[in-house]
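Engineer: Sharing a structure, written as structure tokens. Questions coming.
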Amino acid sequence: MTRKHGGIILGLILIGIGLWFLAYNLGLDLPGISALWPIFPTLGGLALLYAYLTGREQDAGVLVPGIGGFLVGIFFFAITLGPLSWGDLEEWWPIFPLIGGVAFLTMFVLSKPRDAGVLVPGIGGLLVGIFFLLITLGPLRWSEMGSLWPAFPLIGGLTFFGAWLASRQDVGLLVPAGLGVAVGIVGFVFTLGLLGARVLTEGWPVLLILIGLAVVVKSFAGK
């Protein structure tokens, strides 16, 4: 971000503060600063997006704080101005990793050349946010976490697989992808009672075979 863009951000913030105090001094009935403070991350995010759209080099690195700041600001406006309240944050907190995931995915789509590395926090944040929203808002419940834990290695595996699928360059990504998906599926088979504990205790060597295959694939990919 150049000095010019920094000046734009500062200018927009000062304009917003000035307009609020001017309206307040004129006797207009406005929400207090305790309700309007999300304007700062919102304007900051918009300024960074403007910097990206108007910059000659179009640095995609500003997209993450730009989109993140804007969406976080809008979310907090929904709390300070309604319809949500601060008590609802206990249920809506997964929106933050989801916003982060959306920001990183947008950065991947718009960056030139595309950086497959940003897909890991992008896809991961998106899936983690959706998973926990399904718990905090339903239909899943925290009490079911004993059966839902395989979702974490599964999410990790799907994250790396999505990163490989989008780039088709680093075959080594298939190693953690395959392991995560395999552990997640086997875990769900066990926790959901699709197979008995005996099958799992006798079939665990399959995991060693999968790990061995993953090591072989990674070795060939490293050539």
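FYI, nothing fancy with the structure tokens labels: chains A, B, ... in order, residues from 1 per chain, ligands from 1 as they appear.
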Pick out the residues sitting within 12 Å of region 99-116 of chain A, and hand them over as a ChimeraX atom specification; count only C-alpha atoms, and ignore anything fewer than 3 positions along from it in its own chain.

Structural biologist: /A:45,49,52-53,57-75,92-96,119-130,159-170,173

Engineer: Could you write out the selected residues, including C-alpha atoms, as a PDB file, in the first residue's frame?

Structural biologist:
ATOM      1  CA  GLY A  45     -11.469  -2.412   4.367  1.00  0.00           C
ATOM      2  CA  LEU A  49     -10.146  -2.590  -1.752  1.00  0.00           C
ATOM      3  CA  TYR A  52      -6.292  -2.679  -4.994  1.00  0.00           C
ATOM      4  CA  LEU A  53      -8.742  -1.698  -7.741  1.00  0.00           C
ATOM      5  CA  GLU A  57       0.442  -3.213  -9.701  1.00  0.00           C
ATOM      6  CA  GLN A  58      -2.732  -4.436  -7.987  1.00  0.00           C
ATOM      7  CA  ASP A  59      -1.125  -6.011  -4.932  1.00  0.00           C
ATOM      8  CA  ALA A  60      -3.425  -8.925  -4.079  1.00  0.00           C
ATOM      9  CA  GLY A  61      -2.012  -8.950  -0.552  1.00  0.00           C
ATOM     10  CA  VAL A  62      -4.341  -6.088   0.419  1.00  0.00           C
ATOM     11  CA  LEU A  63      -7.404  -8.174  -0.421  1.00  0.00           C
ATOM     12  CA  VAL A  64      -7.253 -10.210   2.797  1.00  0.00           C
ATOM     13  CA  PRO A  65      -7.317  -7.226   5.217  1.00  0.00           C
ATOM     14  CA  GLY A  66      -9.566  -5.343   2.802  1.00  0.00           C
ATOM     15  CA  ILE A  67     -12.292  -7.957   2.501  1.00  0.00           C
ATOM     16  CA  GLY A  68     -11.778  -9.106   6.086  1.00  0.00           C
ATOM     17  CA  GLY A  69     -12.031  -5.595   7.523  1.00  0.00           C
ATOM     18  CA  PHE A  70     -15.105  -4.746   5.474  1.00  0.00           C
ATOM     19  CA  LEU A  71     -17.018  -7.941   6.307  1.00  0.00           C
ATOM     20  CA  VAL A  72     -16.025  -7.864   9.979  1.00  0.00           C
ATOM     21  CA  GLY A  73     -17.212  -4.266  10.179  1.00  0.00           C
ATOM     22  CA  ILE A  74     -20.559  -5.155   8.590  1.00  0.00           C
ATOM     23  CA  PHE A  75     -20.963  -8.052  11.013  1.00  0.00           C
ATOM     24  CA  TRP A  92     -22.072 -16.442  15.572  1.00  0.00           C
ATOM     25  CA  TRP A  93     -18.320 -16.463  16.354  1.00  0.00           C
ATOM     26  CA  PRO A  94     -17.580 -19.029  13.589  1.00  0.00           C
ATOM     27  CA  ILE A  95     -18.310 -16.231  11.128  1.00  0.00           C
ATOM     28  CA  PHE A  96     -14.738 -14.976  11.710  1.00  0.00           C
ATOM     29  CA  LEU A 119      -5.824 -21.946  -0.516  1.00  0.00           C
ATOM     30  CA  VAL A 120      -4.941 -23.753   2.715  1.00  0.00           C
ATOM     31  CA  PRO A 121      -6.184 -20.960   5.036  1.00  0.00           C
ATOM     32  CA  GLY A 122      -8.879 -20.144   2.479  1.00  0.00           C
ATOM     33  CA  ILE A 123     -10.499 -23.559   2.220  1.00  0.00           C
ATOM     34  CA  GLY A 124      -9.657 -24.426   5.818  1.00  0.00           C
ATOM     35  CA  GLY A 125     -11.200 -21.257   7.233  1.00  0.00           C
ATOM     36  CA  LEU A 126     -14.307 -21.710   5.117  1.00  0.00           C
ATOM     37  CA  LEU A 127     -14.861 -25.339   6.149  1.00  0.00           C
ATOM     38  CA  VAL A 128     -14.060 -24.707   9.824  1.00  0.00           C
ATOM     39  CA  GLY A 129     -16.461 -21.769   9.914  1.00  0.00           C
ATOM     40  CA  ILE A 130     -19.271 -23.749   8.284  1.00  0.00           C
ATOM     41  CA  THR A 159      -8.316 -28.507   2.521  1.00  0.00           C
ATOM     42  CA  PHE A 160      -5.066 -29.902   1.129  1.00  0.00           C
ATOM     43  CA  PHE A 161      -6.911 -31.775  -1.611  1.00  0.00           C
ATOM     44  CA  GLY A 162      -8.662 -28.573  -2.679  1.00  0.00           C
ATOM     45  CA  ALA A 163      -5.307 -26.756  -2.730  1.00  0.00           C
ATOM     46  CA  TRP A 164      -3.855 -29.461  -4.967  1.00  0.00           C
ATOM     47  CA  LEU A 165      -6.929 -29.593  -7.184  1.00  0.00           C
ATOM     48  CA  ALA A 166      -6.765 -25.862  -7.851  1.00  0.00           C
ATOM     49  CA  SER A 167      -3.043 -25.748  -8.620  1.00  0.00           C
ATOM     50  CA  ARG A 168      -2.284 -29.261  -9.925  1.00  0.00           C
ATOM     51  CA  GLN A 169       1.398 -28.538  -9.251  1.00  0.00           C
ATOM     52  CA  ASP A 170       2.517 -29.754  -5.830  1.00  0.00           C
ATOM     53  CA  LEU A 173      -0.198 -31.933  -1.084  1.00  0.00           C
TER      54      LEU A 173
END

Engineer: Excluding Gly146 (chain A) and residues on its chain fewer than 6 positions from it, collect all residues at most 12 Å away from it, counting only C-alpha atoms, and give them as an MDAnalysis selection string.

Structural biologist: chainID A and resid 140 152 187:188 190:192

Engineer: What does the distance between CA of Gly157 (chain A) and CA of Gly178 (chain A) come to in Å, to one decimal place?

Structural biologist: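 Separation between CA of Gly157 (chain A) and CA of Gly178 (chain A): 6.2 Å.
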
Engineer: Counting only C-alpha atoms, what is within 9 Å of region 78-85 of chain A, bar same-chain residues fewer than 4 positions away, as number ranges by chain?

Structural biologist: A: 31, 34-38, 73-74, 89

Engineer: Write a file of the selected residues as a CSV table (one decimal), in the first residue's frame, keeping N, CA and C atoms.

Structural biologist:
chain,number,residue,atom,x,y,z
A,31,PRO,N,-27.0,7.3,16.5
A,31,PRO,CA,-26.5,6.4,17.4
A,31,PRO,C,-25.1,6.9,18.0
A,34,SER,N,-20.5,4.1,20.5
A,34,SER,CA,-20.5,2.7,20.9
A,34,SER,C,-21.2,1.8,19.9
A,35,ALA,N,-22.1,2.5,19.1
A,35,ALA,CA,-22.8,1.7,18.1
A,35,ALA,C,-22.2,1.9,16.7
A,36,LEU,N,-21.4,3.0,16.5
A,36,LEU,CA,-20.9,3.3,15.2
A,36,LEU,C,-19.4,3.0,15.0
A,37,TRP,N,-18.8,2.5,16.0
A,37,TRP,CA,-17.3,2.2,15.9
A,37,TRP,C,-17.0,1.2,14.8
A,38,PRO,N,-17.9,0.3,14.4
A,38,PRO,CA,-17.5,-0.6,13.3
A,38,PRO,C,-17.3,0.1,12.0
A,73,GLY,N,-16.5,-5.5,9.8
A,73,GLY,CA,-17.2,-4.3,10.2
A,73,GLY,C,-18.7,-4.4,10.0
A,74,ILE,N,-19.1,-5.0,8.9
A,74,ILE,CA,-20.6,-5.2,8.6
A,74,ILE,C,-21.2,-6.1,9.6
A,89,LEU,N,-23.1,-13.4,19.9
A,89,LEU,CA,-21.8,-13.7,19.5
A,89,LEU,C,-21.3,-15.1,19.9

Engineer: Calculate how many Å separate CA of Pro176 (chain A) from CA of Trp149 (chain A), rounding to one decimal.

Structural biologist: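 Value for the CA of Pro176 (chain A)-CA of Trp149 (chain A) distance: 17.4 Å.
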
Engineer: So what do you get for CA of Ala182 (chain A) versus CA of Pro139 (chain A), distance-wise?

Structural biologist: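 CA of Pro139 (chain A) lies 25.0 Å from CA of Ala182 (chain A).
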
Engineer: Taking into account only C-alpha atoms, which residue in the set A:Leu208, A:Val171, A:Glu91, A:Val186 is nearest to Trp142 (chain A)?

Structural biologist: A:Glu91
